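Structure file work.txt (compact mmCIF, C-alpha atoms) is printed below.
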```
# COMPACT_ATOMS: atom_id res chain seq x y z
CA MET M 863 0.00 0.00 0.00
CA THR M 864 3.01 2.34 0.28
CA ALA M 865 4.50 4.50 -2.46
CA PHE M 866 7.71 2.42 -2.35
CA SER M 867 5.87 -0.67 -3.59
CA GLN M 868 4.66 1.22 -6.68
CA THR M 869 7.96 2.62 -7.94
CA GLY M 870 8.48 -0.21 -10.44
CA GLY M 871 12.20 0.12 -9.84
CA ASP M 872 12.23 3.74 -11.03
CA TRP M 873 13.55 6.00 -8.29
CA SER M 874 13.70 9.18 -10.39
CA PHE M 875 10.75 10.52 -8.39
CA LEU M 876 13.19 11.16 -5.53
CA LEU M 877 15.07 13.66 -7.71
CA MET M 878 11.80 15.44 -8.51
CA ILE M 879 10.96 15.62 -4.81
CA ALA M 880 14.39 17.18 -4.25
CA ILE M 881 13.63 19.77 -6.99
CA ALA M 882 10.30 20.49 -5.30
CA CYS M 883 12.11 21.09 -2.01
CA VAL M 884 14.52 23.50 -3.74
CA LEU M 885 11.58 25.52 -5.10
CA LEU M 886 9.96 25.55 -1.67
CA TYR M 887 13.27 26.65 -0.13
CA LEU M 888 13.53 29.56 -2.58
CA GLY M 889 9.96 30.60 -1.83
CA ILE M 890 9.95 30.12 1.96
CA VAL M 891 13.51 30.85 3.09
CA LYS M 892 14.79 33.17 0.34
CA LYS M 893 11.35 34.76 -0.17
CA TYR M 894 11.74 34.69 -3.98
CA GLU M 895 8.20 35.15 -5.38
CA PRO M 896 6.65 33.10 -2.52
CA LEU M 897 3.09 33.53 -3.80
CA LEU M 898 4.10 31.62 -6.93
CA LEU M 899 7.03 29.37 -6.09
CA ILE M 900 5.40 27.87 -3.00
CA PRO M 901 2.26 26.61 -4.83
CA ILE M 902 4.35 25.45 -7.82
CA GLY M 903 6.89 23.69 -5.58
CA PHE M 904 4.14 21.98 -3.61
CA GLY M 905 2.43 20.95 -6.85
CA VAL M 906 5.68 19.31 -7.98
CA LEU M 907 5.86 17.55 -4.61
CA LEU M 908 2.29 16.22 -4.84
CA ALA M 909 2.68 15.00 -8.42
CA ASN M 910 5.71 12.81 -7.85
CA PHE M 911 4.63 10.34 -5.20
CA PRO M 912 4.03 6.98 -6.92
CA GLY M 913 0.40 5.94 -6.58
CA GLY M 914 -0.74 9.37 -5.39
CA GLY M 915 -2.62 10.13 -8.59
CA MET M 916 -1.95 13.87 -8.30
CA GLU M 917 0.09 14.27 -11.49
CA VAL M 918 -1.30 15.96 -14.59
CA THR M 919 -1.67 13.70 -17.62
CA GLN M 920 -0.86 15.63 -20.78
CA ALA M 921 -3.13 15.02 -23.75
CA SER M 922 -1.60 14.28 -27.15
CA SER M 923 -1.83 16.75 -30.02
CA ASP M 924 -5.19 15.25 -31.01
CA GLY M 925 -6.54 15.43 -27.44
CA MET M 926 -6.16 11.76 -26.48
CA VAL M 927 -5.29 10.75 -22.90
CA THR M 928 -4.61 7.32 -21.42
CA LEU M 929 -6.75 6.49 -18.38
CA ALA M 930 -5.66 4.35 -15.42
CA ASN M 931 -7.33 1.25 -16.90
CA GLY M 932 -5.31 1.59 -20.11
CA THR M 933 -8.11 2.86 -22.35
CA GLN M 934 -7.81 6.06 -24.35
CA GLU M 935 -10.33 8.87 -24.58
CA ASN M 936 -10.50 12.32 -26.08
CA ILE M 937 -10.14 14.75 -23.18
CA TRP M 938 -12.45 17.30 -24.81
CA ASP M 939 -15.25 14.72 -25.04
CA MET M 940 -15.03 13.86 -21.34
CA PRO M 941 -17.38 15.70 -18.95
CA LEU M 942 -15.70 17.42 -16.00
CA HIS M 943 -17.04 14.99 -13.43
CA LYS M 944 -15.51 12.10 -15.38
CA ILE M 945 -12.13 13.87 -15.58
CA ALA M 946 -12.24 14.34 -11.81
CA HIS M 947 -13.26 10.73 -11.18
CA GLU M 948 -11.01 8.97 -13.70
CA MET M 949 -7.95 11.25 -13.65
CA GLY M 950 -7.96 12.98 -10.28
CA LEU M 951 -8.20 16.46 -8.80
CA MET M 952 -5.19 18.03 -10.50
CA ASN M 953 -6.32 17.01 -13.97
CA PHE M 954 -9.75 18.48 -13.21
CA ILE M 955 -8.18 21.84 -12.23
CA TYR M 956 -5.67 21.74 -15.09
CA TYR M 957 -8.12 21.04 -17.91
CA LEU M 958 -10.80 23.32 -16.49
CA CYS M 959 -8.66 26.34 -15.60
CA ILE M 960 -5.28 26.09 -17.33
CA LYS M 961 -5.68 24.17 -20.57
CA THR M 962 -8.68 26.29 -21.54
CA GLY M 963 -6.58 29.44 -21.14
CA PHE M 964 -8.89 30.75 -18.42
CA ILE M 965 -6.46 31.48 -15.58
CA PRO M 966 -3.76 33.67 -17.27
CA PRO M 967 -6.20 36.42 -18.38
CA ILE M 968 -7.83 36.35 -14.93
CA ILE M 969 -4.42 36.90 -13.33
CA PHE M 970 -3.78 39.72 -15.80
CA MET M 971 -7.01 41.34 -14.63
CA GLY M 972 -5.70 41.23 -11.06
CA VAL M 973 -2.32 42.60 -12.15
CA GLY M 974 -4.09 45.47 -13.91
CA ALA M 975 -6.06 46.24 -10.75
CA LEU M 976 -2.81 46.42 -8.78
CA THR M 977 -0.91 48.53 -11.33
CA ASP M 978 -0.62 52.29 -11.43
CA PHE M 979 0.10 53.53 -14.96
CA GLY M 980 0.83 57.01 -13.63
CA PRO M 981 4.66 56.71 -13.65
CA MET M 982 4.57 55.56 -17.28
CA LEU M 983 2.17 58.31 -18.39
CA ARG M 984 4.29 60.98 -16.68
CA ASN M 985 7.45 59.65 -18.39
CA LEU M 986 5.98 58.36 -21.62
CA ARG M 987 9.21 58.72 -23.58
CA LEU M 988 10.84 56.16 -21.27
CA SER M 989 8.23 53.53 -22.08
CA VAL M 990 9.93 52.83 -25.41
CA PHE M 991 12.68 51.03 -23.52
CA GLY M 992 10.10 48.48 -22.41
CA ALA M 993 9.60 47.58 -26.07
CA GLY M 994 13.35 47.27 -26.63
CA ALA M 995 13.63 44.78 -23.81
CA GLN M 996 11.49 42.30 -25.77
CA PHE M 997 14.53 41.59 -27.95
CA GLY M 998 15.39 38.51 -25.89
CA ILE M 999 12.10 36.85 -26.88
CA PHE M 1000 12.85 36.89 -30.60
CA ALA M 1001 16.60 36.29 -30.28
CA VAL M 1002 16.06 33.08 -28.31
CA LEU M 1003 13.24 32.06 -30.66
CA LEU M 1004 15.69 32.10 -33.59
CA ALA M 1005 18.40 30.34 -31.56
CA SER M 1006 15.93 27.64 -30.49
CA LEU M 1007 15.02 26.92 -34.10
CA ALA M 1008 18.70 26.30 -34.81
CA PHE M 1009 18.80 23.73 -31.98
CA GLY M 1010 15.94 21.70 -33.39
CA PHE M 1011 12.89 23.08 -31.57
CA THR M 1012 9.74 23.48 -33.65
CA PRO M 1013 8.61 27.09 -34.31
CA GLN M 1014 5.81 26.66 -31.75
CA GLU M 1015 8.19 25.31 -29.11
CA ALA M 1016 10.77 28.01 -29.87
CA ALA M 1017 8.16 30.77 -29.45
CA SER M 1018 7.04 29.32 -26.12
CA LEU M 1019 10.65 29.17 -24.97
CA GLY M 1020 11.48 32.68 -26.16
CA ILE M 1021 8.51 34.28 -24.38
CA ILE M 1022 10.25 33.53 -21.06
CA GLY M 1023 12.39 36.56 -21.94
CA GLY M 1024 9.39 38.77 -21.28
CA ALA M 1025 9.61 37.85 -17.58
CA ASP M 1026 5.86 37.39 -17.36
CA GLY M 1027 4.66 34.04 -16.02
CA PRO M 1028 0.98 34.26 -17.10
CA THR M 1029 2.02 35.37 -20.61
CA ALA M 1030 4.49 32.48 -20.88
CA ILE M 1031 1.82 30.02 -19.74
CA PHE M 1032 -0.83 31.46 -22.07
CA THR M 1033 1.52 31.29 -25.07
CA THR M 1034 2.63 27.76 -24.25
CA ILE M 1035 -0.96 26.54 -23.83
CA LYS M 1036 -1.72 27.83 -27.32
CA LEU M 1037 1.46 26.70 -29.08
CA ALA M 1038 3.26 23.90 -27.19
CA PRO M 1039 1.15 22.58 -24.28
CA HIS M 1040 3.43 19.56 -23.78
CA LEU M 1041 6.15 21.98 -22.58
CA LEU M 1042 3.95 23.84 -20.09
CA GLY M 1043 5.56 22.38 -16.96
CA PRO M 1044 9.23 23.17 -17.64
CA ILE M 1045 8.48 26.53 -19.26
CA ALA M 1046 6.33 27.64 -16.31
CA ILE M 1047 8.99 26.53 -13.84
CA ALA M 1048 11.71 28.35 -15.81
CA ALA M 1049 9.63 31.52 -16.23
CA TYR M 1050 8.67 31.83 -12.56
CA SER M 1051 12.10 30.77 -11.31
CA TYR M 1052 13.84 33.47 -13.31
CA MET M 1053 11.22 36.02 -12.25
CA ALA M 1054 12.09 35.09 -8.69
CA LEU M 1055 15.79 35.54 -9.47
CA VAL M 1056 15.36 39.10 -10.78
CA PRO M 1057 17.33 40.44 -7.74
CA VAL M 1058 20.24 38.27 -8.86
CA ILE M 1059 20.12 38.47 -12.67
CA ILE M 1060 19.63 42.24 -13.13
CA PRO M 1061 22.66 43.22 -10.95
CA LEU M 1062 24.76 40.60 -12.78
CA VAL M 1063 23.94 42.00 -16.24
CA VAL M 1064 24.24 45.61 -15.06
CA ARG M 1065 27.74 44.99 -13.68
CA LEU M 1066 28.81 43.53 -17.02
CA LEU M 1067 27.41 46.32 -19.21
CA CYS M 1068 27.28 49.56 -17.22
CA SER M 1069 29.96 51.89 -15.90
CA GLU M 1070 29.74 53.67 -12.55
CA LYS M 1071 29.43 57.01 -14.36
CA GLU M 1072 26.34 55.77 -16.23
CA LEU M 1073 24.74 54.38 -13.07
CA ARG M 1074 25.21 57.75 -11.35
CA ILE M 1075 23.07 59.59 -13.93
CA ASN M 1076 20.48 61.37 -11.77
CA MET M 1077 17.12 61.46 -13.53
CA LYS M 1078 15.70 64.18 -11.27
CA GLU M 1079 18.63 66.46 -12.03
CA GLN M 1080 18.15 65.77 -15.74
CA ASP M 1081 14.50 66.80 -15.38
CA LYS M 1082 15.50 70.06 -13.69
CA ALA M 1083 18.08 70.84 -16.35
CA TYR M 1084 15.80 69.87 -19.25
CA PRO M 1085 12.18 70.14 -18.05
CA ASN M 1086 9.39 68.52 -20.03
CA LYS M 1087 7.56 70.93 -22.29
CA THR M 1088 4.32 68.94 -22.19
CA GLU M 1089 2.32 69.25 -18.97
CA ILE M 1090 -0.48 66.82 -18.08
CA LYS M 1091 -3.35 68.94 -16.79
CA ASN M 1092 -5.78 66.20 -15.74
CA MET M 1093 -4.02 62.95 -14.84
CA LYS M 1094 -7.21 61.35 -13.48
CA VAL M 1095 -9.01 61.63 -16.83
CA LEU M 1096 -5.91 60.40 -18.67
CA LYS M 1097 -5.69 57.34 -16.41
CA ILE M 1098 -9.30 56.46 -17.22
CA LEU M 1099 -8.93 57.00 -20.97
CA PHE M 1100 -5.62 55.14 -21.21
CA PRO M 1101 -6.86 51.54 -20.62
CA ILE M 1102 -9.83 52.07 -22.94
CA THR M 1103 -7.61 53.48 -25.70
CA VAL M 1104 -4.94 50.79 -25.38
CA THR M 1105 -7.57 48.04 -25.55
CA ILE M 1106 -9.05 49.48 -28.75
CA VAL M 1107 -5.65 49.92 -30.42
CA VAL M 1108 -4.39 46.44 -29.47
CA ALA M 1109 -7.70 44.82 -30.48
CA LEU M 1110 -7.45 46.39 -33.92
CA LEU M 1111 -3.76 45.64 -34.52
CA VAL M 1112 -3.12 42.37 -32.63
CA PRO M 1113 -6.49 40.78 -31.80
CA THR M 1114 -4.82 37.60 -30.49
CA ALA M 1115 -3.39 39.68 -27.61
CA VAL M 1116 -6.78 41.02 -26.49
CA SER M 1117 -7.44 38.27 -23.96
CA LEU M 1118 -4.32 39.34 -22.02
CA VAL M 1119 -4.07 43.08 -22.70
CA GLY M 1120 -7.84 43.58 -22.55
CA MET M 1121 -8.15 41.95 -19.13
CA LEU M 1122 -5.09 43.86 -17.89
CA MET M 1123 -6.69 47.13 -18.96
CA PHE M 1124 -10.10 46.20 -17.55
CA GLY M 1125 -8.53 45.52 -14.15
CA ASN M 1126 -6.77 48.88 -14.30
CA LEU M 1127 -9.95 50.70 -15.37
CA ILE M 1128 -12.00 49.49 -12.39
CA LYS M 1129 -9.11 50.62 -10.16
CA GLU M 1130 -9.00 54.12 -11.63
CA LEU M 1131 -12.79 54.62 -11.52
CA GLY M 1132 -12.56 54.69 -7.73
CA SER M 1133 -15.63 54.39 -5.52
CA MET M 1134 -18.11 53.55 -8.28
CA THR M 1135 -16.30 50.21 -8.95
CA SER M 1136 -14.54 49.74 -5.62
CA ARG M 1137 -16.25 46.38 -4.96
CA LEU M 1138 -15.14 45.07 -8.35
CA PHE M 1139 -11.61 46.31 -7.71
CA GLU M 1140 -11.40 44.63 -4.31
CA THR M 1141 -12.63 41.32 -5.73
CA ALA M 1142 -10.34 41.38 -8.78
CA SER M 1143 -7.23 42.35 -6.83
CA ASN M 1144 -7.76 40.05 -3.86
CA ALA M 1145 -10.18 37.09 -3.89
CA ILE M 1146 -10.09 36.26 -7.61
CA MET M 1147 -6.38 37.01 -8.01
CA ASN M 1148 -5.41 34.86 -5.03
CA THR M 1149 -7.67 31.96 -6.03
CA ALA M 1150 -6.33 31.98 -9.58
CA THR M 1151 -2.74 32.04 -8.31
CA ILE M 1152 -3.34 28.98 -6.11
CA PHE M 1153 -4.92 26.95 -8.91
CA LEU M 1154 -2.24 28.05 -11.39
CA GLY M 1155 0.68 27.21 -9.14
CA LEU M 1156 -0.54 23.82 -7.95
CA SER M 1157 -1.70 22.53 -11.34
CA VAL M 1158 1.35 23.79 -13.26
CA GLY M 1159 3.61 22.22 -10.64
CA ALA M 1160 1.67 18.97 -11.02
CA THR M 1161 2.70 18.77 -14.69
CA MET M 1162 6.32 18.37 -13.57
CA THR M 1163 6.66 14.61 -13.37
CA SER M 1164 10.02 12.88 -13.85
CA GLU M 1165 9.00 11.85 -17.39
CA ALA M 1166 8.23 15.45 -18.36
CA PHE M 1167 11.19 17.09 -16.62
CA LEU M 1168 14.19 14.78 -16.66
CA ASN M 1169 15.21 15.03 -20.31
CA TRP M 1170 17.56 17.07 -22.50
CA GLN M 1171 14.73 19.16 -23.93
CA THR M 1172 13.87 20.47 -20.47
CA ILE M 1173 17.53 21.29 -19.79
CA GLY M 1174 17.54 23.25 -23.06
CA ILE M 1175 14.42 25.12 -21.94
CA VAL M 1176 16.01 26.10 -18.61
CA LEU M 1177 19.20 27.31 -20.31
CA GLY M 1178 17.29 29.03 -23.11
CA GLY M 1179 15.02 30.74 -20.61
CA PHE M 1180 18.00 32.19 -18.76
CA LEU M 1181 19.48 33.39 -22.06
CA ALA M 1182 16.18 35.03 -23.06
CA PHE M 1183 15.95 36.76 -19.70
CA ALA M 1184 19.52 38.04 -19.78
CA LEU M 1185 19.25 39.20 -23.40
CA SER M 1186 16.08 41.16 -22.66
CA ILE M 1187 17.83 43.02 -19.85
CA SER M 1188 20.93 43.57 -22.00
CA ALA M 1189 18.90 44.86 -24.96
CA GLY M 1190 17.13 47.41 -22.79
CA ILE M 1191 20.44 48.67 -21.40
CA CYS M 1192 22.02 48.86 -24.85
CA MET M 1193 19.01 50.75 -26.18
CA VAL M 1194 19.49 53.39 -23.47
CA LYS M 1195 23.21 53.62 -24.27
CA ILE M 1196 22.45 54.26 -27.95
CA PHE M 1197 19.82 56.83 -26.99
CA ASN M 1198 22.31 58.65 -24.76
CA LEU M 1199 24.76 59.01 -27.65
CA PHE M 1200 22.36 61.39 -29.39
CA ALA M 1201 20.23 62.84 -26.59
CA THR M 1202 20.98 65.93 -24.56
CA LYS M 1203 18.81 64.74 -21.68
CA LYS M 1204 20.54 61.56 -20.51
CA VAL M 1205 18.79 58.43 -19.22
CA ASN M 1206 20.16 56.09 -16.56
CA PRO M 1207 20.75 52.62 -18.15
CA LEU M 1208 18.85 51.07 -15.24
CA VAL M 1209 15.66 52.33 -16.90
CA GLY M 1210 16.42 50.02 -19.83
CA ALA M 1211 17.29 47.12 -17.55
CA THR M 1212 13.74 47.18 -16.15
CA GLY M 1213 11.89 46.81 -19.45
CA LEU M 1214 10.64 43.45 -18.20
CA SER M 1215 7.24 42.42 -16.95
CA ALA M 1216 8.44 41.68 -13.43
CA VAL M 1217 6.53 44.60 -11.88
CA PRO M 1218 7.50 46.17 -9.51
CA MET M 1219 10.39 43.93 -8.45
CA ALA M 1220 12.64 44.88 -11.37
CA SER M 1221 12.19 48.60 -10.63
CA ARG M 1222 12.92 48.12 -6.92
CA VAL M 1223 16.10 46.19 -7.72
CA ALA M 1224 17.22 48.93 -10.13
CA ASN M 1225 16.51 51.62 -7.54
CA ASP M 1226 18.59 49.73 -4.97
CA ILE M 1227 21.50 49.58 -7.43
CA ALA M 1228 21.28 53.32 -8.14
CA THR M 1229 21.17 54.33 -4.47
CA LYS M 1230 24.26 52.24 -3.71
CA TYR M 1231 26.25 54.57 -5.97
CA ASP M 1232 24.39 57.73 -4.92
CA PRO M 1233 21.95 57.63 -1.96
CA LYS M 1234 20.02 60.57 -3.43
CA ASN M 1235 19.60 59.01 -6.87
CA HIS M 1236 16.13 57.46 -6.65
CA VAL M 1237 15.12 56.10 -10.09
CA LEU M 1238 12.10 54.02 -9.04
CA ASN M 1239 9.41 56.11 -10.76
CA TYR M 1240 11.45 56.39 -13.95
CA CYS M 1241 12.11 52.64 -14.04
CA MET M 1242 8.43 51.95 -13.49
CA ALA M 1243 7.67 53.69 -16.81
CA SER M 1244 9.76 51.13 -18.67
CA ASN M 1245 8.73 48.31 -16.35
CA ILE M 1246 4.99 48.82 -16.85
CA SER M 1247 5.32 49.19 -20.61
CA GLY M 1248 7.15 45.86 -20.58
CA VAL M 1249 3.98 44.17 -19.32
CA ILE M 1250 2.03 45.47 -22.32
CA GLY M 1251 4.94 44.75 -24.67
CA SER M 1252 5.32 41.10 -23.68
CA ALA M 1253 1.57 40.51 -24.02
CA VAL M 1254 1.56 42.06 -27.49
CA ALA M 1255 4.64 40.00 -28.45
CA ALA M 1256 2.81 36.86 -27.30
CA GLY M 1257 -0.20 37.83 -29.42
CA VAL M 1258 2.00 38.31 -32.47
CA LEU M 1259 3.64 34.90 -32.00
CA ILE M 1260 0.30 33.16 -31.49
CA SER M 1261 -1.23 34.80 -34.58
CA PHE M 1262 1.68 33.62 -36.76
CA LEU M 1263 2.27 30.15 -35.34
CA GLN M 1264 -1.01 28.76 -34.00
```

Go ahead and express the file in the form of structure tokens.
Amino acid sequence: MTAFSQTGGDWSFLLMIAIACVLLYLGIVKKYEPLLLIPIGFGVLLANFPGGGMEVTQASSDGMVTLANGTQENIWDMPLHKIAHEMGLMNFIYYLCIKTGFIPPIIFMGVGALTDFGPMLRNLRLSVFGAGAQFGIFAVLLASLAFGFTPQEAASLGIIGGADGPTAIFTTIKLAPHLLGPIAIAAYSYMALVPVIIPLVVRLLCSEKELRINMKEQDKAYPNKTEIKNMKVLKILFPITVTIVVALLVPTAVSLVGMLMFGNLIKELGSMTSRLFETASNAIMNTATIFLGLSVGATMTSEAFLNWQTIGIVLGGFLAFALSISAGICMVKIFNLFATKKVNPLVGATGLSAVPMASRVANDIATKYDPKNHVLNYCMASNISGVIGSAVAAGVLISFLQ
């Protein structure tokens, strides 16, 4: 009756349990993205006990899954109660919430409700660096093709460079669902390691003189000619306008960008939608995060994880992440060659979707060199635009490759 009697001589599950413990250690002890790494780590733990029945069974490209009795059925023809009964709780959650693409847009709605676009709107010229930081996505996509990944797999791998877990999951569900487990683990692990990766890249590419560029002093020396007279109205119009523009140009990105903007709109409308805001930013967001973390972690069985393809995904994800940071920094350096009003390269380093962690890390780096050089608000302009940029990039990839 014990798990040991059901190993069949395969002890690889012990390595997966060790990996689960590492993820839990990073979340609990190191406090790296605990709201995500703890559910994912525990999902990995649950999925890898022989006989537990908590692992997610991936369907083939034509939707076929093998049940415990050896028969095969099309997962999309199975009612939910049968999935729960025949395949277990995790498969029920996975195919209801994740495989349908339901959870990532819901999380984006919560992110929108928690995001203030004010710093970006006040420093709109800095938002372009958020677009430049998407370079890592397409660079790793091309490199992955050279290493034998299919275009769909390469796009799912490259999107890790956007540093946005829900976007990576949404893209992978659409293009390469069989890689969901390792890509989700890589995406969220590297998001958690933002405090390590950004300083590493910055040290390699930036001089002390560049890191001492004081953005507030630059504003005093070269003040903005355009003054925003009614920020409240602008904040309300912005999510509506962005949704319309994105829907017309990249309709495949609407499910992410549209929900992000809806969440932000109910935040900015204040008291008239306060109940919706509270629900979206708390109860719904937290519930979705729990289901996402546990079920994605449950896809990480030894068969799905312990192979060369997964190792390639982990390495490729790190490369995508580092290239995105590097591209943003290099874009600022090129800009500074021609601009009178200089920009601190840390603004480019935060063109990722890891909001607001990337901006906080950049601000800490700046204040180490000059305690008065607070760049948080300026970095947030690039950081927030990176969220929109990665979602649009995902929409473009899906429209071309699905």

So which residues touch Ser1157 of chain M within 8 Å, counting all atoms listed in the file, skipping near sequence neighbours fewer than 6 positions away, as a ChimeraX atom specification?
-> /M:902,905,918,952-953,955-956,960

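For the residues M:Lys961, M:Lys1097, M:Arg1222, M:His1040, ranking by smallest atom-to-atom distance to Asn1126 of chain M using only C-alpha atoms places M:Lys1097 first.
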
Using only C-alpha atoms: which of M:Ile1075, M:Leu886, M:Leu1067, M:Pro967 has the shortest distance to Ile1031 of chain M | M:Pro967

All residues 8 Å or closer to Met971 of chain M, all atoms listed in the file, same chain fewer than 4 positions away omitted, as a PyMOL selection string | chain M and resi 967+975+1121-1126+1142-1143+1147

Hey, can you pull every residue with an atom no more than 12 Å from (-2.8, 21.9, -10.5), using all atoms listed in the file, and send it as a short mmCIF file (atom, residue, chain, number, x, y, z; two decimals) with C-alpha atoms, in the coordinates of the input?
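Listed below is the output, selection_16.cif:
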```
data_model
loop_
_atom_site.label_atom_id
_atom_site.label_comp_id
_atom_site.auth_asym_id
_atom_site.auth_seq_id
_atom_site.Cartn_x
_atom_site.Cartn_y
_atom_site.Cartn_z
CA PRO M 901 2.26 26.61 -4.83
CA ILE M 902 4.35 25.45 -7.82
CA GLY M 903 6.89 23.69 -5.58
CA PHE M 904 4.14 21.98 -3.61
CA GLY M 905 2.43 20.95 -6.85
CA VAL M 906 5.68 19.31 -7.98
CA LEU M 907 5.86 17.55 -4.61
CA LEU M 908 2.29 16.22 -4.84
CA ALA M 909 2.68 15.00 -8.42
CA GLY M 915 -2.62 10.13 -8.59
CA MET M 916 -1.95 13.87 -8.30
CA GLU M 917 0.09 14.27 -11.49
CA VAL M 918 -1.30 15.96 -14.59
CA THR M 919 -1.67 13.70 -17.62
CA GLY M 950 -7.96 12.98 -10.28
CA LEU M 951 -8.20 16.46 -8.80
CA MET M 952 -5.19 18.03 -10.50
CA ASN M 953 -6.32 17.01 -13.97
CA PHE M 954 -9.75 18.48 -13.21
CA ILE M 955 -8.18 21.84 -12.23
CA TYR M 956 -5.67 21.74 -15.09
CA TYR M 957 -8.12 21.04 -17.91
CA LEU M 958 -10.80 23.32 -16.49
CA CYS M 959 -8.66 26.34 -15.60
CA ILE M 960 -5.28 26.09 -17.33
CA LYS M 961 -5.68 24.17 -20.57
CA ILE M 965 -6.46 31.48 -15.58
CA LEU M 1042 3.95 23.84 -20.09
CA GLY M 1043 5.56 22.38 -16.96
CA ALA M 1150 -6.33 31.98 -9.58
CA THR M 1151 -2.74 32.04 -8.31
CA ILE M 1152 -3.34 28.98 -6.11
CA PHE M 1153 -4.92 26.95 -8.91
CA LEU M 1154 -2.24 28.05 -11.39
CA GLY M 1155 0.68 27.21 -9.14
CA LEU M 1156 -0.54 23.82 -7.95
CA SER M 1157 -1.70 22.53 -11.34
CA VAL M 1158 1.35 23.79 -13.26
CA GLY M 1159 3.61 22.22 -10.64
CA ALA M 1160 1.67 18.97 -11.02
CA THR M 1161 2.70 18.77 -14.69
CA MET M 1162 6.32 18.37 -13.57
#
```

Box time for segment 1160-1177 of chain M: axis-aligned, enclosing all its listed atoms, 3 Å extra on each side; report centre and edge lengths in Å to one decimal, as AutoDock Vina command-line options.
```
--center_x 10.4 --center_y 19.6 --center_z -17.5 --size_x 23.5 --size_y 21.5 --size_z 18.9
```

Please report as CSV every residue of segment 1120-1215 of chain M lying within 12 Å of segment 980-987 of chain M, along with the nearest atom pair and their distance in Å (one decimal), using all atoms listed in the file.
```
residue,atom,partner,partner_atom,distance
M:Asn1126,CA,M:Gly980,CA,11.1
M:Glu1130,CA,M:Gly980,CA,10.4
M:Val1194,CA,M:Arg987,CA,11.6
M:Phe1197,CA,M:Arg987,CA,11.3
M:Lys1203,CA,M:Arg987,CA,11.5
M:Val1205,CA,M:Arg987,CA,10.5
M:Val1209,CA,M:Asn985,CA,11.1
M:Gly1210,CA,M:Arg987,CA,11.9
M:Gly1213,CA,M:Met982,CA,11.6
```

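Of note, atom CA of Ala1256 of chain M and atom CA of Leu1099 of chain M are spaced 24.2 Å apart.
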
All residues 10 Å or closer to Ala1189 of chain M, all atoms listed in the file, same chain fewer than 6 positions away omitted, as a PyMOL selection string = chain M and resi 991-998+1195+1210-1211+1213

Give me, please, the distance in Å between atom CA of Cys1241 of chain M and atom CA of Val1223 of chain M, quoted to one decimal.
-> 9.9 Å

Closest to Val1116 of chain M among M:Leu876, M:Asn1086, M:Phe970, M:Arg1074, using all atoms listed in the file?
-> M:Phe970

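Candidate residues M:Ile1021, M:Ile879, M:Ala865, M:Val1217 were compared for distance to Gly1178 of chain M, and the nearest is M:Ile1021, using only C-alpha atoms.
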
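With all atoms listed in the file as the basis for measurement, M:Ala1049 is the residue among M:Ile999, M:Met1219, M:Ala1224, M:Ala1049 that approaches Ala1025 of chain M most closely.
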
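Using all atoms listed in the file for every distance, the candidate list M:Phe1262, M:Ile900, M:Gln920, M:Phe1183 yields M:Phe1183 as the residue closest to Val1058 of chain M.
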
Reconstruct N, CA, C and O atoms of segment 991-998 of chain M; output as a short mmCIF file (atom, residue, chain, number, x, y, z; two decimals), in the coordinates of the input.
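Listed below is the output, selection14.cif:
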```cif
data_model
loop_
_atom_site.label_atom_id
_atom_site.label_comp_id
_atom_site.auth_asym_id
_atom_site.auth_seq_id
_atom_site.Cartn_x
_atom_site.Cartn_y
_atom_site.Cartn_z
N PHE M 991 11.65 51.98 -23.93
CA PHE M 991 12.68 51.03 -23.52
C PHE M 991 12.07 49.70 -23.08
O PHE M 991 12.74 48.68 -23.07
N GLY M 992 10.80 49.73 -22.70
CA GLY M 992 10.10 48.48 -22.41
C GLY M 992 9.90 47.64 -23.65
O GLY M 992 9.94 46.41 -23.60
N ALA M 993 9.72 48.31 -24.79
CA ALA M 993 9.60 47.58 -26.07
C ALA M 993 10.95 47.00 -26.48
O ALA M 993 11.02 45.86 -26.96
N GLY M 994 12.02 47.76 -26.26
CA GLY M 994 13.35 47.27 -26.63
C GLY M 994 13.76 46.04 -25.87
O GLY M 994 14.49 45.18 -26.38
N ALA M 995 13.26 45.92 -24.65
CA ALA M 995 13.63 44.78 -23.81
C ALA M 995 12.97 43.48 -24.25
O ALA M 995 13.26 42.43 -23.68
N GLN M 996 12.09 43.54 -25.25
CA GLN M 996 11.49 42.30 -25.77
C GLN M 996 12.41 41.60 -26.76
O GLN M 996 12.07 40.55 -27.30
N PHE M 997 13.58 42.17 -27.00
CA PHE M 997 14.53 41.59 -27.95
C PHE M 997 14.88 40.15 -27.61
O PHE M 997 15.02 39.31 -28.49
N GLY M 998 15.01 39.86 -26.31
CA GLY M 998 15.39 38.51 -25.89
C GLY M 998 14.41 37.46 -26.35
O GLY M 998 14.81 36.31 -26.64
#
```
